[in-house]
Amino acid sequence: MLYEKKIDSFPQLINDIGVMDQDAGIRAIGKYKAKKCFVFVTRSLNGFTSILCSMKRSGKETIPDKRLLAKEFENLQDLEKFLTEVVAKPLVASEY
C-alpha cells in the first residue's frame, strides 16, 4: 500500500525533507524552462537528489515523462534554494 501525505506550505516541505527517511520521497509540481514539470526529491547518505521530469497525460492521470534535470545537493540549504526557484506556486506537493 502506498502512503501519501499532502504538504500544505513551503516551510512544511523543507521541514519534511529535512526529516525524510531514505526510503521516502517528495513529489511536487514545478516549472522548469517555462514548462510545467514534476519535481521529485529523495534523500541518500550523501545528501539529497532532485529530479525534474516533464509531464504526460495518460487517460485521466498525469504521469512523469522525460527527465529534464537531475541534481545532487550536499545539504538542505542548497536544495531549499533550488526548490525556491523550481517549485510552482501555489504549492502542490506530497510525501510518499
# chains A, B, ... in the order shown; residues from 1 in each chain; ligands from 1

call {"tool": "residues_around", "arguments": {"residues": "Lys35 in chain A", "least_positions_apart": "4", "cutoff": "10 Å", "atoms": "only C-alpha atoms", "output": "list in words"}}
result
Gly30, Lys31, Ser54 and Met55 of chain A

call {"tool": "residues_around", "arguments": {"residues": "Phe48 in chain A", "least_positions_apart": "2", "cutoff": "7 Å", "atoms": "only C-alpha atoms", "output": "ChimeraX atom specification"}}
result
/A:41-44,46,50,72-74

call {"tool": "write_last_selection", "arguments": {"atoms": "N, CA and C atoms", "output": "compact mmCIF listing (two decimals), in the first residue's frame"}}
result
# COMPACT_ATOMS: atom_id res chain seq x y z
N VAL A 41 12.11 14.62 -5.01
CA VAL A 41 13.25 14.78 -4.09
C VAL A 41 13.39 13.50 -3.28
N THR A 42 14.61 12.98 -3.22
CA THR A 42 14.92 11.82 -2.38
C THR A 42 16.15 12.14 -1.55
N ARG A 43 16.36 11.32 -0.52
CA ARG A 43 17.50 11.51 0.38
C ARG A 43 18.43 10.31 0.23
N SER A 44 19.74 10.56 0.35
CA SER A 44 20.73 9.49 0.32
C SER A 44 21.75 9.73 1.42
N ASN A 46 24.66 10.69 0.98
CA ASN A 46 25.49 11.84 0.59
C ASN A 46 24.73 13.15 0.56
N SER A 50 17.43 15.75 -6.53
CA SER A 50 16.18 16.26 -7.11
C SER A 50 16.19 15.94 -8.60
N GLU A 72 22.25 16.83 -7.55
CA GLU A 72 22.53 16.37 -6.20
C GLU A 72 22.92 17.55 -5.34
N PHE A 73 22.54 17.48 -4.07
CA PHE A 73 22.81 18.56 -3.12
C PHE A 73 23.40 17.95 -1.85
N GLU A 74 24.49 18.56 -1.37
CA GLU A 74 25.13 18.06 -0.16
C GLU A 74 24.36 18.43 1.10

call {"tool": "atom_distance", "arguments": {"atom1": "CA of Asp23 in chain A", "atom2": "CA of Asp78 in chain A"}}
result
21.1 Å

call {"tool": "atom_distance", "arguments": {"atom1": "CA of Pro90 in chain A", "atom2": "CA of Gly47 in chain A"}}
result
26.4 Å

call {"tool": "closest_residue", "arguments": {"among": "A:Lys71, A:Lys36, A:Lys89, A:Lys6", "to": "Ile51 in chain A", "atoms": "only C-alpha atoms"}}
result
A:Lys71

call {"tool": "residues_around", "arguments": {"residues": "Val86 in chain A", "least_positions_apart": "3", "cutoff": "9 Å", "atoms": "only C-alpha atoms", "output": "NGL selection string"}}
result
:A and (29-32 or 39 or 82-83)

call {"tool": "write_last_selection", "arguments": {"atoms": "N, CA and C atoms", "output": "compact mmCIF listing (two decimals), in the first residue's frame"}}
result
# COMPACT_ATOMS: atom_id res chain seq x y z
N ILE A 29 4.73 19.80 -7.91
CA ILE A 29 4.57 20.36 -9.24
C ILE A 29 5.50 21.56 -9.33
N GLY A 30 6.21 21.67 -10.43
CA GLY A 30 7.16 22.76 -10.59
C GLY A 30 7.12 23.34 -11.98
N LYS A 31 8.05 24.23 -12.22
CA LYS A 31 8.21 24.85 -13.53
C LYS A 31 9.71 24.90 -13.83
N TYR A 32 10.07 24.43 -15.03
CA TYR A 32 11.46 24.44 -15.45
C TYR A 32 11.51 24.88 -16.91
N VAL A 39 8.63 17.61 -9.79
CA VAL A 39 9.88 17.75 -9.05
C VAL A 39 9.90 16.64 -8.01
N PHE A 82 17.37 25.83 -4.47
CA PHE A 82 16.97 25.30 -5.77
C PHE A 82 15.46 25.15 -5.86
N LEU A 83 14.84 24.58 -4.82
CA LEU A 83 13.40 24.36 -4.83
C LEU A 83 12.63 25.67 -4.86

call {"tool": "decode", "arguments": {"residues": "range 58-76 of chain A", "atoms": "N, CA and C atoms", "output": "PDB file, in the first residue's frame"}}
result
ATOM      1  N   SER A  58      -1.966  10.425 -19.352  1.00  0.00           N
ATOM      2  CA  SER A  58      -2.265   9.025 -19.629  1.00  0.00           C
ATOM      3  C   SER A  58      -3.673   8.775 -19.119  1.00  0.00           C
ATOM      4  N   GLY A  59      -4.630   8.844 -20.020  1.00  0.00           N
ATOM      5  CA  GLY A  59      -6.028   8.765 -19.594  1.00  0.00           C
ATOM      6  C   GLY A  59      -6.371   9.999 -18.779  1.00  0.00           C
ATOM      7  N   LYS A  60      -6.840   9.791 -17.570  1.00  0.00           N
ATOM      8  CA  LYS A  60      -7.203  10.911 -16.695  1.00  0.00           C
ATOM      9  C   LYS A  60      -6.051  11.350 -15.792  1.00  0.00           C
ATOM     10  N   GLU A  61      -4.952  10.616 -15.817  1.00  0.00           N
ATOM     11  CA  GLU A  61      -3.832  10.905 -14.927  1.00  0.00           C
ATOM     12  C   GLU A  61      -2.706  11.625 -15.654  1.00  0.00           C
ATOM     13  N   THR A  62      -1.953  12.388 -14.882  1.00  0.00           N
ATOM     14  CA  THR A  62      -0.720  12.996 -15.373  1.00  0.00           C
ATOM     15  C   THR A  62       0.430  12.193 -14.794  1.00  0.00           C
ATOM     16  N   ILE A  63       1.330  11.741 -15.652  1.00  0.00           N
ATOM     17  CA  ILE A  63       2.447  10.905 -15.220  1.00  0.00           C
ATOM     18  C   ILE A  63       3.768  11.530 -15.667  1.00  0.00           C
ATOM     19  N   PRO A  64       4.875  11.144 -14.987  1.00  0.00           N
ATOM     20  CA  PRO A  64       6.188  11.646 -15.417  1.00  0.00           C
ATOM     21  C   PRO A  64       6.538  11.133 -16.807  1.00  0.00           C
ATOM     22  N   ASP A  65       7.241  11.988 -17.563  1.00  0.00           N
ATOM     23  CA  ASP A  65       7.660  11.618 -18.909  1.00  0.00           C
ATOM     24  C   ASP A  65       9.184  11.655 -18.976  1.00  0.00           C
ATOM     25  N   LYS A  66       9.743  12.586 -19.688  1.00  0.00           N
ATOM     26  CA  LYS A  66      11.188  12.646 -19.899  1.00  0.00           C
ATOM     27  C   LYS A  66      11.895  13.387 -18.768  1.00  0.00           C
ATOM     28  N   ARG A  67      13.080  12.911 -18.427  1.00  0.00           N
ATOM     29  CA  ARG A  67      13.894  13.579 -17.419  1.00  0.00           C
ATOM     30  C   ARG A  67      14.442  14.872 -18.004  1.00  0.00           C
ATOM     31  N   LEU A  68      14.211  15.969 -17.285  1.00  0.00           N
ATOM     32  CA  LEU A  68      14.691  17.278 -17.720  1.00  0.00           C
ATOM     33  C   LEU A  68      15.996  17.665 -17.045  1.00  0.00           C
ATOM     34  N   LEU A  69      16.130  17.257 -15.771  1.00  0.00           N
ATOM     35  CA  LEU A  69      17.290  17.665 -14.986  1.00  0.00           C
ATOM     36  C   LEU A  69      17.413  16.766 -13.767  1.00  0.00           C
ATOM     37  N   ALA A  70      18.637  16.443 -13.395  1.00  0.00           N
ATOM     38  CA  ALA A  70      18.914  15.720 -12.149  1.00  0.00           C
ATOM     39  C   ALA A  70      20.054  16.446 -11.450  1.00  0.00           C
ATOM     40  N   LYS A  71      19.853  16.770 -10.174  1.00  0.00           N
ATOM     41  CA  LYS A  71      20.876  17.496  -9.412  1.00  0.00           C
ATOM     42  C   LYS A  71      21.014  16.866  -8.036  1.00  0.00           C
ATOM     43  N   GLU A  72      22.253  16.832  -7.553  1.00  0.00           N
ATOM     44  CA  GLU A  72      22.531  16.367  -6.198  1.00  0.00           C
ATOM     45  C   GLU A  72      22.918  17.555  -5.336  1.00  0.00           C
ATOM     46  N   PHE A  73      22.539  17.484  -4.070  1.00  0.00           N
ATOM     47  CA  PHE A  73      22.807  18.556  -3.115  1.00  0.00           C
ATOM     48  C   PHE A  73      23.399  17.955  -1.849  1.00  0.00           C
ATOM     49  N   GLU A  74      24.487  18.557  -1.370  1.00  0.00           N
ATOM     50  CA  GLU A  74      25.128  18.064  -0.158  1.00  0.00           C
ATOM     51  C   GLU A  74      24.361  18.431   1.101  1.00  0.00           C
ATOM     52  N   ASN A  75      23.613  19.541   1.041  1.00  0.00           N
ATOM     53  CA  ASN A  75      22.924  19.983   2.257  1.00  0.00           C
ATOM     54  C   ASN A  75      21.532  20.524   1.927  1.00  0.00           C
ATOM     55  N   LEU A  76      20.729  20.620   2.964  1.00  0.00           N
ATOM     56  CA  LEU A  76      19.346  21.057   2.827  1.00  0.00           C
ATOM     57  C   LEU A  76      19.250  22.509   2.371  1.00  0.00           C
TER      58      LEU A  76
END
